[in-house]
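Structure data (mmCIF, C-alpha atoms) from data.cif:
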```cif
data_coords
#
loop_
_atom_site.label_atom_id
_atom_site.label_comp_id
_atom_site.auth_asym_id
_atom_site.auth_seq_id
_atom_site.Cartn_x
_atom_site.Cartn_y
_atom_site.Cartn_z
CA MET K 1 -6.78 -17.54 -0.34
CA VAL K 2 -4.86 -14.52 -1.58
CA ALA K 3 -1.67 -15.98 -0.06
CA ARG K 4 -2.27 -19.18 -2.04
CA LEU K 5 -2.77 -17.17 -5.26
CA THR K 6 0.54 -15.34 -4.81
CA ARG K 7 2.15 -18.74 -5.53
CA GLY K 8 0.28 -19.05 -8.85
CA PRO K 9 -3.18 -19.58 -10.38
CA ALA K 10 -5.47 -22.10 -8.71
CA SER K 11 -8.87 -23.63 -9.29
CA VAL K 12 -11.75 -22.86 -6.93
CA SER K 13 -11.60 -26.39 -5.43
CA GLU K 14 -7.85 -26.00 -4.83
CA LEU K 15 -8.55 -22.70 -3.07
CA ALA K 16 -11.24 -24.33 -0.95
CA ARG K 17 -9.08 -27.23 0.21
CA PRO K 18 -7.50 -25.64 3.33
CA PHE K 19 -10.84 -24.22 4.55
CA THR K 20 -13.67 -25.93 6.40
CA MET K 21 -16.37 -24.24 4.35
CA SER K 22 -18.60 -25.26 1.53
CA LEU K 23 -17.57 -24.85 -2.10
CA ALA K 24 -20.50 -22.42 -2.48
CA ALA K 25 -19.03 -20.21 0.29
CA VAL K 26 -15.63 -20.27 -1.42
CA VAL K 27 -17.23 -19.28 -4.72
CA GLN K 28 -18.85 -16.37 -2.89
CA HIS K 29 -15.46 -15.26 -1.51
CA VAL K 30 -13.92 -15.49 -4.96
CA GLN K 31 -16.75 -13.27 -6.24
CA VAL K 32 -15.95 -10.70 -3.52
CA LEU K 33 -12.27 -10.80 -4.48
CA GLU K 34 -13.19 -10.37 -8.15
CA ALA K 35 -15.46 -7.41 -7.36
CA SER K 36 -12.59 -5.83 -5.42
CA GLY K 37 -10.37 -6.10 -8.52
CA LEU K 38 -7.76 -8.16 -6.69
CA VAL K 39 -8.51 -11.44 -8.46
CA ARG K 40 -9.84 -12.47 -11.84
CA SER K 41 -11.13 -15.89 -12.83
CA GLU K 42 -11.81 -17.77 -16.05
CA LYS K 43 -13.96 -20.82 -16.57
CA ALA K 44 -12.67 -23.57 -18.85
CA GLY K 45 -15.09 -26.49 -18.99
CA ARG K 46 -16.07 -27.28 -15.42
CA VAL K 47 -12.99 -25.73 -13.82
CA ARG K 48 -12.86 -22.07 -12.75
CA THR K 49 -9.25 -20.89 -12.45
CA CYS K 50 -8.42 -17.85 -10.33
CA ARG K 51 -5.36 -15.64 -10.56
CA LEU K 52 -4.21 -12.44 -8.90
CA GLU K 53 -4.51 -9.16 -10.74
CA PRO K 54 -0.95 -7.82 -10.45
CA VAL K 55 -1.92 -4.20 -11.17
CA ALA K 56 -4.19 -4.15 -8.10
CA LEU K 57 -1.48 -5.59 -5.89
CA ARG K 58 1.02 -3.00 -7.09
CA ALA K 59 -1.41 -0.18 -6.29
CA VAL K 60 -0.88 -0.70 -2.57
CA GLU K 61 2.68 0.48 -3.13
CA GLY K 62 1.55 3.22 -5.52
CA TRP K 63 3.03 6.22 -3.79
CA MET K 64 6.27 4.41 -3.05
CA VAL K 65 6.71 3.56 -6.73
CA ASP K 66 6.06 7.24 -7.56
CA ARG K 67 8.68 8.41 -5.05
CA ARG K 68 11.22 5.88 -6.28
CA THR K 69 10.69 6.80 -9.95
CA GLU K 70 10.94 10.50 -9.12
CA TRP K 71 14.26 10.02 -7.30
CA GLU K 72 15.68 7.80 -10.05
CA GLU K 73 14.95 10.58 -12.56
CA ARG K 74 16.45 13.22 -10.26
CA LEU K 75 19.61 11.20 -9.62
CA ASP K 76 20.03 10.67 -13.38
CA ARG K 77 19.77 14.45 -13.84
CA LEU K 78 22.38 14.84 -11.08
CA GLY K 79 24.64 12.53 -13.14
CA ASP K 80 24.16 14.73 -16.22
CA PHE K 81 24.82 17.84 -14.14
CA LEU K 82 28.04 16.39 -12.67
CA GLN K 83 29.25 15.36 -16.12
CA GLN K 84 28.54 18.85 -17.47
CA ASP K 85 30.28 20.39 -14.44
CA HIS K 86 33.27 18.11 -15.04
CA HIS K 87 33.51 19.18 -18.71
CA ASP K 88 33.31 22.84 -17.65
CA ASP K 89 36.18 22.30 -15.19
CA GLN K 90 38.29 20.64 -17.88
CA THR K 91 37.57 23.46 -20.32
CA GLN K 92 38.53 26.02 -17.68
CA GLU K 93 41.75 24.12 -16.90
CA GLY K 94 42.47 23.93 -20.64
CA ASN K 95 42.03 27.69 -20.97
CA THR K 96 44.41 28.47 -18.13
CA PRO K 97 47.76 29.50 -19.63
CA MET I 1 -14.08 8.74 -0.02
CA ILE I 2 -10.44 7.93 0.73
CA THR I 3 -9.79 4.68 2.59
CA ARG I 4 -7.18 5.43 5.24
CA SER I 5 -4.15 3.16 5.19
CA VAL I 6 -0.40 3.25 5.84
CA HIS I 7 2.11 1.22 3.91
CA HIS I 8 5.61 1.13 5.47
CA ASP I 9 8.41 0.40 3.08
CA THR I 10 12.05 1.03 2.21
CA PHE I 11 13.71 1.42 -1.15
CA ALA I 12 17.31 1.99 -2.13
CA ILE I 13 18.90 3.41 -5.28
CA GLU I 14 22.60 3.26 -6.14
CA ARG I 15 24.43 5.44 -8.63
CA THR I 16 28.11 5.80 -9.45
CA TYR I 17 29.11 9.27 -10.59
CA PRO I 18 32.36 10.20 -12.36
CA ALA I 19 33.08 13.00 -9.86
CA PRO I 20 34.76 13.11 -6.44
CA PRO I 21 32.58 12.97 -3.28
CA SER I 22 33.24 16.69 -2.66
CA LYS I 23 31.58 17.60 -6.00
CA VAL I 24 28.60 15.30 -5.37
CA PHE I 25 28.20 16.67 -1.83
CA LYS I 26 28.23 20.21 -3.21
CA ALA I 27 25.56 19.34 -5.79
CA LEU I 28 23.41 18.00 -2.94
CA THR I 29 23.88 20.90 -0.53
CA ASP I 30 24.59 24.09 -2.51
CA PRO I 31 21.24 25.74 -3.40
CA ALA I 32 22.44 27.15 -6.75
CA ALA I 33 23.99 23.82 -7.81
CA LYS I 34 21.02 21.81 -6.57
CA ALA I 35 18.51 23.97 -8.45
CA GLN I 36 20.22 22.88 -11.70
CA TRP I 37 19.20 19.22 -11.39
CA PHE I 38 16.70 18.83 -8.55
CA LEU I 39 13.76 20.78 -9.89
CA ALA I 40 11.27 19.10 -12.17
CA PRO I 41 12.27 19.44 -15.81
CA GLY I 42 10.41 20.08 -19.05
CA ASP I 43 6.96 21.57 -18.96
CA TRP I 44 6.56 21.39 -15.15
CA LYS I 45 6.38 24.78 -13.55
CA ALA I 46 8.30 25.28 -10.29
CA SER I 47 6.49 28.07 -8.47
CA ASP I 48 8.50 27.91 -5.26
CA TYR I 49 12.01 26.72 -4.37
CA ARG I 50 13.66 27.42 -1.02
CA PHE I 51 16.66 25.65 0.46
CA ASP I 52 18.31 26.48 3.78
CA CYS I 53 20.98 23.81 3.94
CA ARG I 54 22.04 23.34 7.57
CA VAL I 55 21.07 20.91 10.33
CA GLY I 56 17.51 21.91 11.26
CA GLY I 57 17.17 23.85 7.99
CA THR I 58 14.30 23.28 5.56
CA GLU I 59 13.80 22.87 1.83
CA ARG I 60 10.61 23.39 -0.13
CA VAL I 61 9.69 22.73 -3.73
CA GLU I 62 6.29 23.46 -5.13
CA SER I 63 5.90 22.42 -8.75
CA CYS I 64 3.01 21.80 -11.04
CA PRO I 65 2.58 19.64 -14.15
CA PRO I 66 0.62 21.31 -16.98
CA GLY I 67 -3.03 21.37 -15.93
CA GLY I 68 -2.31 19.30 -12.82
CA GLU I 69 -2.35 19.78 -9.07
CA PRO I 70 0.71 21.20 -7.28
CA HIS I 71 3.25 18.67 -5.95
CA ILE I 72 4.65 19.96 -2.67
CA TYR I 73 7.91 18.67 -1.20
CA ASP I 74 8.83 19.85 2.32
CA ALA I 75 12.11 18.62 3.82
CA VAL I 76 14.01 19.09 7.09
CA TYR I 77 17.75 18.38 7.26
CA HIS I 78 18.94 16.24 10.17
CA ASP I 79 22.55 15.36 9.45
CA LEU I 80 25.21 16.80 7.16
CA LEU I 81 28.69 15.26 7.15
CA ALA I 82 30.87 16.94 4.54
CA ASP I 83 31.55 14.74 1.49
CA ARG I 84 30.12 11.69 3.27
CA ARG I 85 26.45 11.83 4.28
CA VAL I 86 23.18 13.74 4.10
CA VAL I 87 20.10 12.77 6.13
CA PHE I 88 16.76 14.52 5.72
CA SER I 89 13.08 13.78 6.14
CA TYR I 90 10.35 15.01 3.85
CA ASP I 91 6.60 15.25 3.39
CA MET I 92 5.08 14.85 -0.04
CA ARG I 93 1.71 16.37 -0.82
CA LEU I 94 -0.43 16.42 -3.94
CA GLY I 95 -2.69 19.44 -3.57
CA THR I 96 -4.13 18.95 -0.09
CA GLN I 97 -3.60 15.17 -0.03
CA HIS I 98 -0.72 13.94 2.14
CA LEU I 99 1.04 11.14 0.18
CA SER I 100 4.03 10.19 2.29
CA VAL I 101 6.45 10.95 5.11
CA SER I 102 9.97 9.69 4.46
CA LEU I 103 13.40 9.52 6.05
CA THR I 104 16.12 9.69 3.41
CA THR I 105 19.81 8.85 3.90
CA ILE I 106 22.32 9.61 1.17
CA GLU I 107 25.78 8.08 1.65
CA LEU I 108 28.79 8.94 -0.52
CA THR I 109 31.69 6.50 -0.84
CA PRO I 110 34.80 7.25 -2.91
CA VAL I 111 35.37 4.56 -5.55
CA ASP I 112 37.79 4.21 -8.45
CA GLY I 113 37.14 7.15 -10.77
CA GLY I 114 34.31 8.69 -8.79
CA THR I 115 31.69 8.35 -6.10
CA LEU I 116 29.22 5.65 -5.20
CA MET I 117 25.99 7.14 -3.95
CA THR I 118 23.64 4.98 -1.88
CA PHE I 119 20.23 6.54 -1.50
CA THR I 120 17.91 4.89 1.04
CA GLU I 121 14.36 6.01 1.71
CA GLN I 122 12.26 4.63 4.58
CA GLY I 123 8.70 5.81 4.37
CA ALA I 124 5.16 5.77 5.59
CA PHE I 125 3.15 5.82 2.33
CA LEU I 126 -0.32 7.07 3.10
CA ASP I 127 -3.72 6.00 1.77
CA GLY I 128 -2.37 4.00 -1.18
CA ASP I 129 -3.41 5.04 -4.63
CA PRO I 130 -6.84 6.62 -4.40
CA ALA I 131 -8.17 5.41 -7.74
CA SER I 132 -7.43 1.71 -7.52
CA ALA I 133 -6.50 0.90 -3.92
CA THR I 134 -9.68 2.10 -2.25
CA SER I 135 -12.06 -0.49 -3.64
CA ARG I 136 -9.46 -3.21 -3.27
CA VAL I 137 -8.80 -2.50 0.42
CA GLU I 138 -12.51 -2.32 1.16
CA GLY I 139 -13.06 -5.54 -0.77
CA THR I 140 -10.28 -7.29 1.09
CA ASN I 141 -11.59 -6.12 4.47
CA PHE I 142 -15.05 -7.39 3.53
CA LEU I 143 -13.55 -10.72 2.56
CA LEU I 144 -11.58 -11.01 5.79
CA ASP I 145 -14.71 -10.21 7.81
CA ASN I 146 -16.60 -12.89 5.89
CA LEU I 147 -13.78 -15.35 6.33
CA GLY I 148 -13.70 -14.65 10.09
CA GLN I 149 -17.43 -15.30 10.31
CA ALA I 150 -17.14 -18.48 8.27
CA LEU I 151 -14.35 -19.79 10.50
CA ALA I 152 -16.25 -18.86 13.68
CA GLY I 153 -19.48 -20.48 12.40
#
```

Turn the structure described in the file into structure tokens.
Amino acid sequence: MVARLTRGPASVSELARPFTMSLAAVVQHVQVLEASGLVRSEKAGRVRTCRLEPVALRAVEGWMVDRRTEWEERLDRLGDFLQQDHHDDQTQEGNTP
Amino acid sequence: MITRSVHHDTFAIERTYPAPPSKVFKALTDPAAKAQWFLAPGDWKASDYRFDCRVGGTERVESCPPGGEPHIYDAVYHDLLADRRVVFSYDMRLGTQHLSVSLTTIELTPVDGGTLMTFTEQGAFLDGDPASATSRVEGTNFLLDNLGQALAG
């Protein structure tokens, strides 16, 4: 069900199609997914459309995103440091008679 | 309660620096040079920095955001090839919580006007994000149990 939703929003009956269970059972599963924060659904007329909650999916990679962001910031600071170092070298060379 | 989980993943970052590989290598391996850029900036307080840069040597940074828990980085160096490569592994902890264990490879390649750095981290990221992942993982497990029962029934 979650795999189907990664391809885009789907109605409850679309979600139920591959499974050999009743629509009521599928509705129950959707409710579990909604309670877990992984999925949200909206009812328009007689059709309930479900979609994934991207924030919840990203959380599984939470620490990795933190590590990556931290290193990106560090490596940018390294760039600033190298540039500064380069200017210092040039200044020193310029001062040498 | 923390739900125990491990997420294995790899990420890579590339940067091109306008400095020769020897300069970049020095900035990565010389403790005085590294302290200039590696430590957390701004209002973070670094309470501990140690760096023994040799194969088998260790590096430790303990730093704290204002009013926050200490972030503890503990690394061991595995491979140092002058001007070319640095390989280390590190643990990351937030207070007493173990966040990740990573293997990091930094490769330096001379390019026109400078150095291309390729930074690759392969990690075991532990226990997700405690605030949001816990309920989601439990919910998903519950769903999968239900689904298993439904398919068996």

Identify which of the residues I:Leu81, I:Val6, I:Cys53, I:Val87 lies closest to chain K, counting all atoms listed in the file when measuring atom-to-atom distances.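 Using all atoms listed in the file, chain K sits closest to I:Val6.
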
So what does the PyMOL selection byres ((chain K and resi 75) around 12) actually pick up in this one, as a ChimeraX atom specification? /K:68-74,76-82 /I:13-17,24,27-28,34,36-40,106,116-119

Skipping near chain neighbours, those fewer than 3 positions away, what residues fall within 7 Å of Val12 in chain K using all atoms listed in the file, listed as a PyMOL selection string? chain K and resi 15-16+27+48-50

Distance query Arg4 in chain K at most 12 Å, only C-alpha atoms, self and fewer than 4 positions along chain excluded, as a ChimeraX atom specification: /K:8-12,14-19,39,50-52

Compare K:Leu38, K:Val47, K:Ala24, K:Val2 by their minimum atom-to-atom distance to chain I, counting all atoms listed in the file, and give me the closest one.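 Among the listed residues, K:Leu38 lies closest to chain I.
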
To one decimal in Å, tell me the separation between CA of Thr10 in chain I and CA of Asp66 in chain K.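 Going from CA of Thr10 in chain I over to CA of Asp66 in chain K, I get 13.0 Å.
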